[in-house]
Amino acid sequence: MSDWTINSAALRSFRVAKMLDQTQLARAAKVSVRTIRLLEASDRGVSASTVERLAGVLERKPTDIATFKASPRRGKSLPPPPARAAGERIRMSDLVAIGESEPNETLVVDGETITKVTPLQYQHCYTAFLARDGELYWIEGAITDERGLPPNEAALLGAVSGECGRFEVTCPVGRGGHTLVVTAHTRSGALTVAMQKARRQSSVRMLVRLVAFRDLAQGAGLTCFARERPAPWTLVVERMIDVPPRAGSGTKKTR
């Protein structure tokens, strides 16, 4: 007998909230698509390892998607895993709620007021990237990973493979240690090197522009850190912003 029983409605709800289809969830959790379909169709018993993998992909606690019950066949069963500590990644809707309690921050760059990328703003980009094509934002966080771009992805940006790249920027949200993970691409070798050097800093600021692509071929797009499938849009780094971090909110100026 399994120690865990999946809550089918919760599993389906959290998958949709993460903007994953059943195939994507199955691939990321290393289970079959048929398993996901069965688990979302009705409450079923599953192994602890399956629950942990599914919860990890959905960025939830195991007890959010399943119920733990000790097996009568065993003398002792392990309790459910402990709740995740504050600071670990959580689903987007939770981040949006946390971010909405924070003051809105803007920067004035060359006389233009620029909005900071918050979880809600990032969700807006996902929802209507074509409608927001060309919009400017600024982000602040730590650069935590980087990858080069293959020739086909570099060409989408009008760049050269070996000069451009994609960077993972981990942006703090609220005061509980939570983070929003943003992917930012570079088009030039100079900006790529500047971003690499900035990895030494605990927090950096950059001006980014939303760039969207229309009429892409099947499977085409840009690879991002938070998505398995290539995306038809991204945030492209326009410039680094040399403004010392400081507490507070409101409008700030830079050149």
# chains A, B, ... in the order shown; residues from 1 in each chain; ligands from 1

$ residues_around --residues "Glu163 (chain A)" --least-positions-apart "4" --cutoff "7 Å" --atoms "only C-alpha atoms" --output "PDB file with C-alpha atoms, in the first residue's frame"
ATOM      1  CA  SER A 188      26.411  42.063 -27.658  1.00  0.00           C
ATOM      2  CA  GLY A 189      29.709  40.729 -26.465  1.00  0.00           C
ATOM      3  CA  THR A 192      27.669  39.668 -22.050  1.00  0.00           C
TER       4      THR A 192
END

$ closest_residue --among "A:Pro172, A:Arg229, A:Leu58, A:Asp215" --to "Ser13 (chain A)" --atoms "only C-alpha atoms"
A:Leu58

$ residues_around --residues "Val181 (chain A)" --least-positions-apart "6" --cutoff "7 Å" --atoms "only C-alpha atoms" --output "list in words"
Glu168, Val169, Thr170 and Cys171 of chain A

$ write_last_selection --atoms "N, CA and C atoms" --output "mmCIF file, in the first residue's frame"
data_model
loop_
_atom_site.group_PDB
_atom_site.id
_atom_site.type_symbol
_atom_site.label_atom_id
_atom_site.label_comp_id
_atom_site.auth_asym_id
_atom_site.auth_seq_id
_atom_site.Cartn_x
_atom_site.Cartn_y
_atom_site.Cartn_z
ATOM 1 N N GLU A 168 20.456 34.038 -15.738
ATOM 2 C CA GLU A 168 19.425 33.871 -14.715
ATOM 3 C C GLU A 168 19.633 34.936 -13.652
ATOM 4 N N VAL A 169 18.595 35.739 -13.434
ATOM 5 C CA VAL A 169 18.657 36.804 -12.437
ATOM 6 C C VAL A 169 17.640 36.482 -11.338
ATOM 7 N N THR A 170 18.123 36.314 -10.120
ATOM 8 C CA THR A 170 17.272 35.970 -8.986
ATOM 9 C C THR A 170 16.942 37.241 -8.218
ATOM 10 N N CYS A 171 15.682 37.654 -8.297
ATOM 11 C CA CYS A 171 15.249 38.932 -7.731
ATOM 12 C C CYS A 171 14.482 38.701 -6.419
#

$ residues_around --residues "Gln22 (chain A)" --least-positions-apart "6" --cutoff "8 Å" --atoms "only C-alpha atoms" --output "VMD selection string"
chain A and resid 15 33 36 to 37

$ write_last_selection --atoms "N, CA and C atoms" --output "short mmCIF file (atom, residue, chain, number, x, y, z; two decimals), in the first residue's frame"
data_model
loop_
_atom_site.label_atom_id
_atom_site.label_comp_id
_atom_site.auth_asym_id
_atom_site.auth_seq_id
_atom_site.Cartn_x
_atom_site.Cartn_y
_atom_site.Cartn_z
N ARG A 15 -0.57 22.52 -11.37
CA ARG A 15 0.07 22.39 -12.68
C ARG A 15 -0.34 23.55 -13.58
N VAL A 33 3.42 10.33 -19.01
CA VAL A 33 2.26 11.19 -19.22
C VAL A 33 1.00 10.47 -18.76
N ILE A 36 0.44 11.01 -15.08
CA ILE A 36 -0.13 12.32 -14.77
C ILE A 36 -1.62 12.35 -15.07
N ARG A 37 -1.99 11.76 -16.21
CA ARG A 37 -3.42 11.74 -16.58
C ARG A 37 -4.24 10.98 -15.55
#

$ residues_around --residues "Pro62 (chain A)" --least-positions-apart "5" --cutoff "7 Å" --atoms "only C-alpha atoms" --output "number ranges by chain"
A: 51-52, 55

$ residues_around --residues "Ser8 (chain A)" --least-positions-apart "4" --cutoff "8 Å" --atoms "only C-alpha atoms" --output "list in words"
Arg12, Leu39, Glu40, Ala41, Ser42, Asp43, Arg44 and Ile65 of chain A

$ write_last_selection --atoms "C-alpha atoms" --output "PDB file, in the first residue's frame"
ATOM      1  CA  ARG A  12      -4.224  19.763 -11.645  1.00  0.00           C
ATOM      2  CA  LEU A  39      -3.414  11.106 -11.076  1.00  0.00           C
ATOM      3  CA  GLU A  40      -5.411  14.108 -12.300  1.00  0.00           C
ATOM      4  CA  ALA A  41      -8.430  11.942 -13.113  1.00  0.00           C
ATOM      5  CA  SER A  42      -8.879  10.582  -9.569  1.00  0.00           C
ATOM      6  CA  ASP A  43      -7.188  10.421  -6.170  1.00  0.00           C
ATOM      7  CA  ARG A  44      -4.642   7.590  -6.272  1.00  0.00           C
ATOM      8  CA  ILE A  65      -0.686  17.837  -3.450  1.00  0.00           C
TER       9      ILE A  65
END

$ residues_around --residues "Pro150 (chain A)" --least-positions-apart "5" --cutoff "12 Å" --atoms "only C-alpha atoms" --output "PyMOL selection string"
chain A and resi 155-157+159-166+220-223
